[in-house]
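Undergrad: Next up, my_file27.cif (mmCIF, C-alpha atoms).
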```cif
data_work
#
loop_
_atom_site.label_atom_id
_atom_site.label_comp_id
_atom_site.auth_asym_id
_atom_site.auth_seq_id
_atom_site.Cartn_x
_atom_site.Cartn_y
_atom_site.Cartn_z
CA MET A 1 -11.75 5.56 -23.74
CA ASN A 2 -10.22 2.14 -23.24
CA TRP A 3 -6.52 1.47 -23.08
CA HIS A 4 -4.73 -1.40 -24.78
CA VAL A 5 -2.86 -3.30 -22.12
CA THR A 6 -0.70 -6.41 -22.37
CA VAL A 7 -1.14 -8.70 -19.38
CA ARG A 8 1.72 -11.13 -18.75
CA VAL A 9 0.48 -14.00 -16.62
CA SER A 10 2.60 -16.62 -14.86
CA ARG A 11 1.30 -20.05 -15.89
CA TYR A 12 1.92 -23.33 -14.13
CA LYS A 13 0.09 -26.64 -14.29
CA GLN A 14 0.92 -29.78 -12.34
CA ASP A 15 1.35 -31.78 -15.55
CA GLY A 16 5.13 -31.81 -15.61
CA SER A 17 5.52 -28.87 -17.96
CA PRO A 18 7.77 -26.02 -16.77
CA PRO A 19 6.28 -22.71 -15.63
CA ARG A 20 6.00 -20.02 -18.29
CA PHE A 21 4.52 -16.60 -18.98
CA ASP A 22 1.57 -16.09 -21.36
CA SER A 23 0.74 -12.64 -22.72
CA PHE A 24 -2.85 -11.51 -23.28
CA GLY A 25 -3.78 -8.31 -25.11
CA VAL A 26 -6.86 -6.67 -23.57
CA GLU A 27 -8.87 -3.48 -23.91
CA ALA A 28 -9.22 -2.09 -20.40
CA GLY A 29 -10.75 1.03 -18.94
CA PRO A 30 -8.21 2.96 -16.86
CA ASP A 31 -10.67 3.00 -13.97
CA GLU A 32 -11.28 -0.74 -14.05
CA TYR A 33 -9.79 -2.92 -11.37
CA VAL A 34 -7.18 -5.50 -12.28
CA ILE A 35 -9.49 -8.31 -11.11
CA ASN A 36 -12.06 -7.26 -13.75
CA VAL A 37 -9.44 -7.56 -16.48
CA MET A 38 -8.38 -10.97 -15.17
CA GLU A 39 -11.97 -12.17 -15.27
CA ARG A 40 -12.35 -10.95 -18.87
CA ILE A 41 -9.19 -12.79 -19.89
CA TRP A 42 -10.68 -15.95 -18.36
CA ALA A 43 -14.10 -15.40 -19.97
CA GLU A 44 -12.96 -14.34 -23.45
CA GLN A 45 -9.48 -15.73 -24.03
CA ASP A 46 -8.46 -18.64 -21.81
CA ARG A 47 -10.83 -20.67 -19.67
CA SER A 48 -7.91 -22.65 -18.24
CA LEU A 49 -6.55 -19.60 -16.37
CA VAL A 50 -6.79 -20.29 -12.64
CA PHE A 51 -6.98 -17.63 -9.95
CA ARG A 52 -8.85 -17.18 -6.67
CA HIS A 53 -11.37 -14.41 -6.05
CA ALA A 54 -14.51 -13.78 -4.05
CA CYS A 55 -15.70 -10.45 -2.69
CA HIS A 56 -14.29 -8.01 -5.30
CA HIS A 57 -13.97 -5.18 -2.78
CA GLY A 58 -10.91 -5.85 -0.64
CA ALA A 59 -12.73 -7.46 2.26
CA CYS A 60 -11.96 -11.17 1.90
CA GLY A 61 -8.28 -11.11 0.89
CA SER A 62 -8.63 -14.21 -1.26
CA CYS A 63 -7.40 -12.74 -4.58
CA GLY A 64 -3.89 -11.75 -3.40
CA LEU A 65 -1.10 -12.08 -5.94
CA ARG A 66 1.92 -10.14 -7.21
CA ILE A 67 1.29 -7.33 -9.67
CA ASN A 68 4.50 -6.11 -11.28
CA GLY A 69 6.42 -7.93 -8.56
CA ARG A 70 4.58 -6.39 -5.63
CA GLU A 71 1.97 -8.14 -3.48
CA ARG A 72 -1.44 -6.56 -4.04
CA LEU A 73 -5.15 -7.36 -4.01
CA PRO A 74 -6.17 -7.06 -7.69
CA CYS A 75 -9.69 -6.11 -6.59
CA SER A 76 -8.23 -2.93 -5.08
CA VAL A 77 -5.77 -1.88 -7.79
CA LEU A 78 -6.91 0.32 -10.66
CA ILE A 79 -5.47 -0.19 -14.12
CA ARG A 80 -4.41 3.46 -14.22
CA GLY A 81 -2.50 2.99 -11.00
CA ILE A 82 -0.36 0.15 -12.31
CA THR A 83 0.22 0.72 -16.05
CA THR A 84 -0.39 3.11 -18.95
CA ASP A 85 -2.11 2.96 -22.35
CA GLY A 86 -0.02 0.53 -24.41
CA GLY A 87 1.72 -0.68 -21.26
CA THR A 88 2.26 -4.09 -19.71
CA LEU A 89 1.40 -5.50 -16.34
CA THR A 90 2.75 -8.75 -14.96
CA LEU A 91 0.75 -11.07 -12.72
CA GLU A 92 2.51 -13.73 -10.63
CA PRO A 93 1.35 -15.94 -7.74
CA LEU A 94 2.28 -15.16 -4.16
CA ARG A 95 5.77 -16.17 -3.14
CA ASN A 96 6.72 -18.64 -0.38
CA LEU A 97 3.56 -20.69 -0.91
CA PRO A 98 3.25 -23.72 -3.20
CA VAL A 99 1.54 -22.97 -6.48
CA VAL A 100 -1.54 -25.08 -7.16
CA SER A 101 -2.15 -23.73 -10.64
CA ASP A 102 -1.30 -20.46 -12.43
CA LEU A 103 -2.02 -17.64 -9.97
CA MET A 104 -3.54 -19.79 -7.23
CA VAL A 105 -1.37 -20.86 -4.33
CA ASN A 106 -2.01 -23.31 -1.52
CA MET A 107 -2.49 -21.12 1.55
CA ALA A 108 -2.09 -24.06 3.97
CA PRO A 109 1.41 -23.12 5.24
CA PHE A 110 0.09 -19.67 6.15
CA TYR A 111 -3.11 -20.93 7.77
CA GLU A 112 -1.25 -23.68 9.66
CA ARG A 113 0.83 -21.01 11.35
CA MET A 114 -2.22 -18.95 12.24
CA GLU A 115 -3.84 -22.05 13.73
CA ALA A 116 -0.71 -22.81 15.74
CA VAL A 117 -1.11 -19.42 17.39
CA HIS A 118 -4.77 -20.19 18.29
CA PHE A 119 -5.70 -16.73 17.16
CA THR A 120 -9.37 -15.84 17.60
CA PRO A 121 -10.46 -12.57 16.04
CA ALA A 122 -12.40 -10.15 18.23
CA ARG A 123 -13.81 -7.32 16.18
CA VAL A 124 -14.01 -3.73 17.28
CA ALA A 125 -17.78 -4.19 17.68
CA GLU A 126 -17.33 -7.17 19.96
CA PRO A 127 -14.64 -6.35 22.52
CA ILE A 128 -13.80 -8.74 25.31
CA LEU A 129 -15.98 -7.60 28.19
CA ASP A 130 -15.22 -7.54 31.88
CA GLU A 131 -17.60 -10.08 33.52
CA THR A 132 -18.42 -7.81 36.46
CA SER A 133 -18.78 -4.39 34.90
CA GLY A 134 -19.81 -5.44 31.42
CA ARG A 135 -17.40 -2.87 30.02
CA PRO A 136 -14.51 -3.66 27.69
CA ALA A 137 -11.78 -5.28 29.74
CA VAL A 138 -9.09 -3.97 27.45
CA GLN A 139 -9.44 -1.20 24.93
CA PRO A 140 -6.35 -1.22 22.74
CA SER A 141 -5.57 1.61 20.41
CA PRO A 142 -7.74 1.21 17.29
CA VAL A 143 -4.80 1.75 14.92
CA LEU A 144 -2.95 -1.15 16.50
CA ARG A 145 -5.78 -3.64 16.46
CA TYR A 146 -4.71 -6.78 14.69
CA GLU A 147 -8.28 -7.78 13.89
CA ASP A 148 -8.11 -5.83 10.64
CA CYS A 149 -6.05 -8.74 9.26
CA LEU A 150 -7.71 -10.24 6.15
CA GLU A 151 -5.48 -13.35 6.26
CA CYS A 152 -4.68 -12.60 2.62
CA GLY A 153 -1.09 -13.86 2.94
CA LEU A 154 0.49 -10.83 1.25
CA CYS A 155 2.88 -10.36 4.20
CA PHE A 156 3.83 -14.05 4.00
CA SER A 157 4.79 -13.59 0.34
CA ALA A 158 6.63 -10.28 0.75
CA CYS A 159 8.81 -11.41 3.66
CA PRO A 160 12.34 -12.26 2.45
CA ILE A 161 13.16 -14.34 5.53
CA PHE A 162 11.54 -17.47 4.07
CA GLY A 163 14.59 -17.58 1.80
CA THR A 164 16.62 -18.23 4.94
CA ASP A 165 14.17 -20.24 7.03
CA PRO A 166 11.22 -21.96 5.31
CA GLU A 167 9.79 -22.81 8.74
CA TYR A 168 9.75 -19.19 9.89
CA LEU A 169 6.49 -18.34 11.66
CA GLY A 170 6.06 -15.31 9.46
CA PRO A 171 4.75 -11.80 9.97
CA GLY A 172 1.05 -12.71 10.24
CA ALA A 173 1.43 -15.34 12.97
CA LEU A 174 3.92 -13.24 14.93
CA ALA A 175 1.63 -10.22 14.77
CA ALA A 176 -1.19 -12.48 16.01
CA ILE A 177 0.98 -13.61 18.94
CA ALA A 178 1.71 -9.99 19.82
CA ARG A 179 -2.02 -9.28 19.71
CA MET A 180 -2.84 -12.29 21.91
CA ILE A 181 -0.28 -11.15 24.48
CA GLN A 182 -1.74 -7.65 24.35
CA GLU A 183 -5.30 -8.91 24.85
CA PRO A 184 -5.26 -12.55 26.08
CA ARG A 185 -8.21 -14.78 25.09
CA ASP A 186 -9.84 -17.44 27.21
CA GLY A 187 -8.06 -20.78 27.23
CA VAL A 188 -4.94 -19.56 25.48
CA ASP A 189 -1.58 -20.17 27.14
CA VAL A 190 0.15 -16.82 26.71
CA GLY A 191 3.38 -18.27 28.11
CA ALA A 192 3.40 -20.91 25.37
CA LEU A 193 2.86 -18.20 22.76
CA ARG A 194 5.77 -16.21 24.18
CA ARG A 195 7.94 -19.30 23.91
CA LEU A 196 6.77 -19.89 20.33
CA ALA A 197 7.66 -16.31 19.41
CA ASP A 198 11.01 -16.76 21.16
CA SER A 199 11.76 -20.03 19.32
CA GLU A 200 14.24 -20.79 16.52
CA HIS A 201 11.65 -19.94 13.87
CA GLY A 202 10.19 -17.02 15.77
CA CYS A 203 10.61 -13.26 15.99
CA TRP A 204 14.41 -13.27 16.08
CA ARG A 205 14.48 -14.39 12.43
CA CYS A 206 13.06 -11.05 11.29
CA HIS A 207 15.64 -8.83 9.61
CA VAL A 208 13.49 -5.71 9.56
CA ALA A 209 12.88 -5.38 5.82
CA PHE A 210 9.42 -3.96 6.68
CA GLU A 211 7.85 -5.34 3.48
CA CYS A 212 5.13 -7.09 5.51
CA SER A 213 3.86 -3.74 6.73
CA GLU A 214 4.38 -2.10 3.34
CA VAL A 215 2.19 -4.59 1.45
CA CYS A 216 -0.52 -5.11 4.10
CA PRO A 217 -3.81 -3.90 2.58
CA SER A 218 -5.32 -3.34 6.04
CA GLY A 219 -2.59 -1.40 7.79
CA VAL A 220 -1.99 -4.15 10.35
CA ASP A 221 1.75 -3.30 10.57
CA PRO A 222 3.17 -6.72 11.51
CA ALA A 223 6.73 -5.31 11.56
CA ARG A 224 5.86 -3.10 14.52
CA SER A 225 4.33 -6.09 16.33
CA ILE A 226 7.44 -8.19 15.71
CA ALA A 227 9.62 -5.37 17.03
CA ALA A 228 7.42 -5.24 20.14
CA LEU A 229 7.85 -9.00 20.66
CA ARG A 230 11.62 -8.67 20.34
CA ARG A 231 11.73 -5.72 22.71
CA GLN A 232 9.76 -7.75 25.24
CA GLY A 233 12.06 -10.70 24.59
CA VAL A 234 15.13 -8.59 25.34
CA ALA A 235 13.50 -7.29 28.54
CA ASP A 236 12.57 -10.85 29.58
CA GLY A 237 16.08 -12.09 28.81
CA LEU A 238 17.69 -9.33 30.83
CA GLY A 239 15.21 -10.02 33.63
CA ARG A 240 16.13 -13.71 33.66
CA LEU A 241 19.82 -12.80 33.60
CA PHE A 242 19.46 -10.60 36.65
CA GLY A 243 16.93 -12.77 38.44
CA SER A 244 13.68 -10.85 38.00
CA GLY A 245 12.37 -12.24 34.70
CA ARG A 246 9.41 -14.41 33.89
CA MET B 1 5.61 -26.15 15.38
CA ASP B 2 5.25 -29.01 12.98
CA VAL B 3 4.34 -27.51 9.63
CA GLN B 4 3.45 -30.06 6.99
CA ARG B 5 5.11 -29.29 3.66
CA GLU B 6 3.65 -32.02 1.49
CA HIS B 7 3.14 -29.52 -1.34
CA ASP B 8 6.85 -28.77 -1.74
CA GLN B 9 6.99 -30.52 -5.07
CA THR B 10 5.45 -27.49 -6.73
CA TYR B 11 8.05 -25.34 -8.38
CA GLN B 12 7.78 -22.20 -6.35
CA ALA B 13 8.57 -23.83 -3.04
CA THR B 14 12.14 -24.74 -3.94
CA ASP B 15 14.89 -23.16 -1.86
CA ALA B 16 16.43 -21.48 -4.91
CA ARG B 17 13.16 -19.70 -5.66
CA ARG B 18 12.85 -18.56 -2.07
CA VAL B 19 16.37 -17.08 -1.99
CA VAL B 20 15.50 -15.02 -5.08
CA GLY B 21 13.17 -13.17 -2.71
CA TRP B 22 16.21 -11.62 -1.05
CA VAL B 23 17.08 -9.58 -4.12
CA ASP B 24 13.86 -9.36 -6.15
CA LEU B 25 13.36 -5.63 -5.60
CA ARG B 26 10.55 -5.02 -8.08
CA GLY B 27 8.08 -2.67 -6.43
CA ARG B 28 9.84 -2.88 -3.07
CA ARG B 29 10.20 0.00 -0.62
CA LEU B 30 13.24 1.45 1.13
CA GLY B 31 13.28 -1.06 4.00
CA MET B 32 13.61 -3.95 1.56
CA TRP B 33 16.38 -2.14 -0.34
CA ALA B 34 18.20 -1.73 2.97
CA PHE B 35 17.75 -5.47 3.62
CA ALA B 36 19.15 -6.38 0.19
CA VAL B 37 22.08 -3.96 0.48
CA HIS B 38 22.88 -5.38 3.91
CA ARG B 39 22.88 -8.95 2.56
CA ILE B 40 25.00 -8.12 -0.48
CA THR B 41 27.57 -6.07 1.47
CA GLY B 42 27.67 -8.77 4.16
CA ILE B 43 28.39 -11.52 1.64
CA GLY B 44 30.92 -9.23 -0.07
CA LEU B 45 32.74 -8.54 3.21
CA VAL B 46 32.94 -12.27 4.01
CA ALA B 47 34.39 -12.87 0.53
CA TYR B 48 36.88 -10.05 1.13
CA LEU B 49 37.91 -11.54 4.49
CA LEU B 50 38.70 -14.87 2.84
CA LEU B 51 40.63 -13.11 0.07
CA HIS B 52 42.49 -11.06 2.67
CA LEU B 53 43.61 -14.20 4.50
CA LEU B 54 44.70 -15.69 1.18
CA VAL B 55 46.75 -12.57 0.37
CA LEU B 56 48.38 -12.64 3.81
CA SER B 57 49.68 -16.10 2.97
CA ILE B 58 52.06 -14.34 0.55
CA LEU B 59 54.05 -13.39 3.66
CA ALA B 60 55.17 -16.99 3.82
CA GLN B 61 57.08 -16.42 0.58
CA GLY B 62 59.35 -13.87 2.27
CA PRO B 63 59.94 -10.11 1.81
CA ALA B 64 60.35 -10.24 -1.97
CA GLY B 65 56.89 -11.71 -2.52
CA TRP B 66 55.28 -9.22 -0.16
CA ASP B 67 57.05 -6.21 -1.75
CA THR B 68 55.73 -7.29 -5.15
CA PHE B 69 52.20 -7.42 -3.78
CA VAL B 70 52.55 -4.00 -2.10
CA THR B 71 53.64 -2.48 -5.41
CA LEU B 72 50.52 -3.95 -7.01
CA ALA B 73 48.33 -2.75 -4.13
CA ARG B 74 49.42 0.87 -4.76
CA THR B 75 48.11 0.90 -8.33
CA PRO B 76 45.01 3.08 -8.98
CA LEU B 77 42.88 -0.01 -9.65
CA PHE B 78 43.67 -1.51 -6.25
CA LEU B 79 43.13 1.84 -4.54
CA ALA B 80 39.71 2.06 -6.25
CA LEU B 81 38.91 -1.41 -4.88
CA ASP B 82 39.88 -0.11 -1.43
CA VAL B 83 37.25 2.61 -1.86
CA VAL B 84 34.65 -0.05 -2.76
CA LEU B 85 35.68 -2.04 0.31
CA ILE B 86 35.33 0.98 2.59
CA ALA B 87 31.92 1.75 1.06
CA GLY B 88 30.80 -1.78 1.93
CA ILE B 89 32.15 -1.53 5.47
CA LEU B 90 30.51 1.85 6.07
CA VAL B 91 27.08 0.87 4.73
CA HIS B 92 27.07 -2.55 6.41
CA GLY B 93 28.39 -1.23 9.71
CA LEU B 94 26.11 1.79 9.94
CA ASN B 95 23.06 -0.18 8.78
CA GLY B 96 23.99 -2.87 11.29
CA ILE B 97 23.48 -0.31 14.05
CA ARG B 98 20.12 0.63 12.50
CA VAL B 99 19.06 -3.02 12.24
CA ALA B 100 20.09 -3.73 15.84
CA LEU B 101 18.09 -0.77 17.15
CA LEU B 102 15.03 -1.59 15.00
CA GLY B 103 15.29 -5.22 16.00
CA MET B 104 14.89 -4.20 19.63
CA GLY B 105 11.92 -2.00 18.79
CA TYR B 106 13.64 1.38 18.78
CA GLY B 107 12.86 3.86 15.99
CA VAL B 108 10.49 1.56 14.08
CA GLY B 109 8.51 4.56 12.81
CA ARG B 110 11.68 6.24 11.54
CA GLN B 111 13.36 3.34 9.78
CA LYS B 112 13.32 5.01 6.35
CA PRO B 113 14.87 8.36 7.38
CA ALA B 114 17.37 6.38 9.44
CA PHE B 115 18.50 4.49 6.34
CA ALA B 116 18.63 7.68 4.26
CA GLY B 117 20.63 9.37 7.00
CA LEU B 118 23.14 6.58 7.30
CA LEU B 119 23.65 6.59 3.53
CA ILE B 120 24.42 10.32 3.67
CA ALA B 121 26.84 9.75 6.58
CA ALA B 122 28.46 6.87 4.70
CA ALA B 123 28.83 9.02 1.57
CA ILE B 124 30.54 11.84 3.53
CA LEU B 125 32.91 9.41 5.26
CA LEU B 126 33.61 7.67 1.95
CA VAL B 127 34.59 10.96 0.28
CA LEU B 128 36.96 11.75 3.16
CA ALA B 129 38.43 8.24 3.02
CA SER B 130 38.85 8.41 -0.76
CA ILE B 131 40.72 11.72 -0.51
CA ARG B 132 42.98 10.18 2.10
CA ILE B 133 43.57 7.03 0.02
CA PHE B 134 44.38 8.75 -3.27
CA ALA B 135 46.25 11.72 -1.74
CA GLY B 136 48.31 9.54 0.60
#
```
Produce C-alpha cells that represent the structure in this file.
TA:
Amino acid sequence: MNWHVTVRVSRYKQDGSPPRFDSFGVEAGPDEYVINVMERIWAEQDRSLVFRHACHHGACGSCGLRINGRERLPCSVLIRGITTDGGTLTLEPLRNLPVVSDLMVNMAPFYERMEAVHFTPARVAEPILDETSGRPAVQPSPVLRYEDCLECGLCFSACPIFGTDPEYLGPGALAAIARMIQEPRDGVDVGALRRLADSEHGCWRCHVAFECSEVCPSGVDPARSIAALRRQGVADGLGRLFGSGR
Amino acid sequence: MDVQREHDQTYQATDARRVVGWVDLRGRRLGMWAFAVHRITGIGLVAYLLLHLLVLSILAQGPAGWDTFVTLARTPLFLALDVVLIAGILVHGLNGIRVALLGMGYGVGRQKPAFAGLLIAAAILLVLASIRIFAG
C-alpha cells in the first residue's frame, strides 16, 4: 500500500527571485527510493524541477543532495528509511557549492581540488605492478583504499570548515593526497602534495567533526586520512626541528 | 591552489550561508555535535573574558564600587551563571584535549566514546563545583 508523503523541495532559479521551498504531495511506496519519487514529481507535477541523476544504483554519485538536512544519495535511500505515512521529507542541494538550479549544484569547486591533487584512480582489479616481478608493488589494506570514492561531493557539503575557510582543500582532496602518499603514482610529485596538505588551506584546517566520514556512501573515511596527514605533519615538523626531517 | 569562484553570485555560496553549516545539526552525528558545542562554548568563553575585563574596570571606582558588585555576585542568579561558566570551561577544555589528540591521529576510531566520556566527566565535576559554589 502506498503512503502519502509531502516532499518539500528547495527551489532556486537564476532569474533574480529569492530561493524558496515548494511542497509536493505524492503517493509513494515505502520501498521506493527517493530518486523515484523525485522523478515522478518532475514527470507528473513540475517539469521545471532540476536535479542531477544517472545510474540509479549508488555507483555514479551524481545525484547527491541533502535529505532532511543530511547528505545522501537519493538513489540509495528508501522512503521508509526517511519518513512515515503522512510524513514529510525535505530535499535541499548540497552545501558549500554554488547552486545552478533547484537541487543541482556546480561541482566545479570540488573537482578543481581533485584535479589539483592529480589523483588518478587505480582500482582493486588494476593494482600498480612492480616492473620486474609483475606483482603488485604495494598492496594497501582493502578497507583503506581510497579508490572507492564516487566523487559525489557529499563530504564537501557536510564539512563545516568551509564556513571558516572557503578555500579549504576539503575532505575528498585531502584523502586523495593521503592515498597518493601511501601509493605514489608515476609523475606525481609527492613532496608537492605534502606541501599542499601542509598549506594554509590544508589538513590543519580540519576540526575533526567527522561528518565527511559519516556521510560518505562508500566508506572512504576521509577523516582518518586527514588525521594520518596531520600525524605525519607533526612527525615531519618535529624531525625538522631536531634536524632529521624531510 | 588557485580555485576559481566565478559562480559565487549564486545564493548558497555566500559566507553567511556557509557559517550556518557550523550549527545546522539536522541529521548530524556525535562528532558534529561535539564540533558545534566546541564552537559555541569557545565563543561564549571569549565573550565572558571580555565581560570579565569590563567588570574588573569597576576596581577603578574604588572599594565602594567593588563591594557593591561583590554583593550582586553572591546572589543566586549570579551563582547560577557561575555554574554555566564552569560547564562551558569543562566541556571546552576537556573536548579541547580530545580534539588535539584526534587532530594528531590518536584515537580516531574512538572519537564518539571519547566525547561521551568527557561529557560524563564534565557532569561529575560540574556537580561537585555546583555543591561547592552554593554551599560555600
Undergrad: Using the chain letters and numbers from the file, give me the residues hit by the PyMOL selection byres ((chain A and resi 117) around 7), as a ChimeraX atom specification.
TA: /A:113-116,118-119,173,177,193
Undergrad: Excluding Leu78 in chain A and any residue of its chain fewer than 5 positions from it, enumerate the residues within 7 Å of it, using only C-alpha atoms, and give them as a ChimeraX atom specification.
TA: /A:30-34
Undergrad: Hey, what's within 8 Å of Leu174 in chain A if we count only C-alpha atoms and toss same-chain stuff fewer than 2 positions away? As JSON, numbers by chain, please?
TA: {"A": [169, 170, 171, 172, 176, 177, 178, 197, 202, 203, 222, 225, 226]}
Undergrad: Please enumerate the residues selected by the PyMOL selection byres ((chain A) within 8 of (chain B)) when evaluated against the supplied file, formatted as a VMD selection string.
TA: chain A and resid 14 19 68 to 70 95 to 100 109 112 to 113 116 158 to 164 167 206 to 211 214 224 227 to 228 230 to 231 234
Undergrad: Using the chain letters and numbers from this file, what does the PyMOL selection byres ((chain A and resi 60) around 12) select? Give the answer as a list in words.
TA: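 Applying the expression gives Arg52, His53, Ala54, Cys55, His56, His57, Gly58, Ala59, Gly61, Ser62, Cys63, Gly64, Leu73, Pro74, Cys75, Ser76, Asp148, Cys149, Leu150, Glu151, Cys152, Gly153, Pro217 and Ser218 of chain A.
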Undergrad: Selection from above, C-alpha atoms, as a CSV table (one decimal), in the coordinates of the input, can you write it?
TA:
```csv
chain,number,residue,atom,x,y,z
A,52,ARG,CA,-8.8,-17.2,-6.7
A,53,HIS,CA,-11.4,-14.4,-6.0
A,54,ALA,CA,-14.5,-13.8,-4.0
A,55,CYS,CA,-15.7,-10.4,-2.7
A,56,HIS,CA,-14.3,-8.0,-5.3
A,57,HIS,CA,-14.0,-5.2,-2.8
A,58,GLY,CA,-10.9,-5.8,-0.6
A,59,ALA,CA,-12.7,-7.5,2.3
A,61,GLY,CA,-8.3,-11.1,0.9
A,62,SER,CA,-8.6,-14.2,-1.3
A,63,CYS,CA,-7.4,-12.7,-4.6
A,64,GLY,CA,-3.9,-11.8,-3.4
A,73,LEU,CA,-5.2,-7.4,-4.0
A,74,PRO,CA,-6.2,-7.1,-7.7
A,75,CYS,CA,-9.7,-6.1,-6.6
A,76,SER,CA,-8.2,-2.9,-5.1
A,148,ASP,CA,-8.1,-5.8,10.6
A,149,CYS,CA,-6.0,-8.7,9.3
A,150,LEU,CA,-7.7,-10.2,6.2
A,151,GLU,CA,-5.5,-13.4,6.3
A,152,CYS,CA,-4.7,-12.6,2.6
A,153,GLY,CA,-1.1,-13.9,2.9
A,217,PRO,CA,-3.8,-3.9,2.6
A,218,SER,CA,-5.3,-3.3,6.0
```
Undergrad: Env of Arg20 in chain A: 7 Å cut, atoms = all atoms listed in the file, seq-sep filter 6 positions within chain, self excluded. Answer as a PyMOL selection string.
TA: chain A and resi 10-12
Undergrad: To one decimal place in Å, what is the distance between CA of Phe69 in chain B and CA of Val55 in chain B?
TA: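 Result for CA of Phe69 in chain B versus CA of Val55 in chain B: 8.6 Å, one decimal.
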Undergrad: How far is it from CA of Val50 in chain A to CA of Ser17 in chain A, in Å with one decimal?
TA: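 Separating CA of Val50 in chain A from CA of Ser17 in chain A is a distance of 15.9 Å.
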Undergrad: So that I can see what lies close to Val91 in chain B, please list as a PDB file with C-alpha atoms, in the frame of the given file the residues with an atom at most 12 Å from it, counting all atoms listed in the file and leaving out residues fewer than 4 positions away in the same chain.
TA:
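What ended up in result.pdb:
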```pdb
ATOM      1  CA  ALA B  34      18.200  -1.730   2.970  1.00  0.00           C
ATOM      2  CA  PHE B  35      17.750  -5.470   3.620  1.00  0.00           C
ATOM      3  CA  ALA B  36      19.150  -6.380   0.190  1.00  0.00           C
ATOM      4  CA  VAL B  37      22.080  -3.960   0.480  1.00  0.00           C
ATOM      5  CA  HIS B  38      22.880  -5.380   3.910  1.00  0.00           C
ATOM      6  CA  ARG B  39      22.880  -8.950   2.560  1.00  0.00           C
ATOM      7  CA  ILE B  40      25.000  -8.120  -0.480  1.00  0.00           C
ATOM      8  CA  THR B  41      27.570  -6.070   1.470  1.00  0.00           C
ATOM      9  CA  GLY B  42      27.670  -8.770   4.160  1.00  0.00           C
ATOM     10  CA  GLY B  44      30.920  -9.230  -0.070  1.00  0.00           C
ATOM     11  CA  LEU B  45      32.740  -8.540   3.210  1.00  0.00           C
ATOM     12  CA  VAL B  84      34.650  -0.050  -2.760  1.00  0.00           C
ATOM     13  CA  LEU B  85      35.680  -2.040   0.310  1.00  0.00           C
ATOM     14  CA  ILE B  86      35.330   0.980   2.590  1.00  0.00           C
ATOM     15  CA  ALA B  87      31.920   1.750   1.060  1.00  0.00           C
ATOM     16  CA  ASN B  95      23.060  -0.180   8.780  1.00  0.00           C
ATOM     17  CA  GLY B  96      23.990  -2.870  11.290  1.00  0.00           C
ATOM     18  CA  ILE B  97      23.480  -0.310  14.050  1.00  0.00           C
ATOM     19  CA  ARG B  98      20.120   0.630  12.500  1.00  0.00           C
ATOM     20  CA  VAL B  99      19.060  -3.020  12.240  1.00  0.00           C
ATOM     21  CA  PHE B 115      18.500   4.490   6.340  1.00  0.00           C
ATOM     22  CA  ALA B 116      18.630   7.680   4.260  1.00  0.00           C
ATOM     23  CA  GLY B 117      20.630   9.370   7.000  1.00  0.00           C
ATOM     24  CA  LEU B 118      23.140   6.580   7.300  1.00  0.00           C
ATOM     25  CA  LEU B 119      23.650   6.590   3.530  1.00  0.00           C
ATOM     26  CA  ILE B 120      24.420  10.320   3.670  1.00  0.00           C
ATOM     27  CA  ALA B 121      26.840   9.750   6.580  1.00  0.00           C
ATOM     28  CA  ALA B 122      28.460   6.870   4.700  1.00  0.00           C
ATOM     29  CA  ALA B 123      28.830   9.020   1.570  1.00  0.00           C
ATOM     30  CA  ILE B 124      30.540  11.840   3.530  1.00  0.00           C
ATOM     31  CA  LEU B 125      32.910   9.410   5.260  1.00  0.00           C
ATOM     32  CA  LEU B 126      33.610   7.670   1.950  1.00  0.00           C
TER      33      LEU B 126
END
```
Undergrad: Would you mind listing what lies within 8 Å of range 79-83 of chain B as a VMD selection string, with only C-alpha atoms counted and same-chain residues fewer than 6 positions away left out?
TA: chain B and resid 73 126 129 to 130 133 to 134
Undergrad: Of the candidates B:Leu77, B:Ile89, B:Val70, B:Gly136, which shows the shortest atom-to-atom distance to Leu49 in chain B, using all atoms listed in the file?
TA: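 For Leu49 in chain B, the nearest of the candidates is B:Ile89.
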Undergrad: Using Å and a single decimal, report how far CA of Thr90 in chain A sits from CA of Lys13 in chain A.
TA: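 Distance between the two atoms: 18.1 Å.
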Undergrad: Please report, as JSON, the centre and edge lengths in Å to one decimal of an axis-aligned box covering all listed atoms of range 32-51 of chain B with 5 Å per side.
TA:
```
{"center_x": 27.1, "center_y": -8.3, "center_z": 2.0, "size_x": 37.0, "size_y": 23.1, "size_z": 15.0}
```
Undergrad: Please determine, counting all atoms listed in the file, which residue among B:Leu90, B:Leu56, B:Val46, B:Ala114 has the shortest atom-to-atom distance to Val127 in chain B.
TA: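 Smallest distance to Val127 in chain B is found for B:Leu90.
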Undergrad: Because some atoms of range 30-36 of chain A are absent here, can you restore N, CA and C atoms and send them as a tab-separated table (two decimals), in the frame of the given file?
TA:
```
chain	number	residue	atom	x	y	z
A	30	PRO	N	-9.21	2.59	-17.88
A	30	PRO	CA	-8.21	2.96	-16.86
A	30	PRO	C	-8.76	2.92	-15.45
A	31	ASP	N	-10.09	3.04	-15.31
A	31	ASP	CA	-10.67	3.00	-13.97
A	31	ASP	C	-11.25	1.63	-13.61
A	32	GLU	N	-10.91	0.64	-14.40
A	32	GLU	CA	-11.28	-0.74	-14.05
A	32	GLU	C	-10.27	-1.28	-13.04
A	33	TYR	N	-10.72	-2.24	-12.27
A	33	TYR	CA	-9.79	-2.92	-11.37
A	33	TYR	C	-9.13	-4.09	-12.10
A	34	VAL	N	-7.94	-4.42	-11.64
A	34	VAL	CA	-7.18	-5.50	-12.28
A	34	VAL	C	-7.98	-6.80	-12.27
A	35	ILE	N	-8.73	-7.06	-11.19
A	35	ILE	CA	-9.49	-8.31	-11.11
A	35	ILE	C	-10.51	-8.40	-12.25
A	36	ASN	N	-11.09	-7.26	-12.66
A	36	ASN	CA	-12.06	-7.26	-13.75
A	36	ASN	C	-11.39	-7.68	-15.06
```
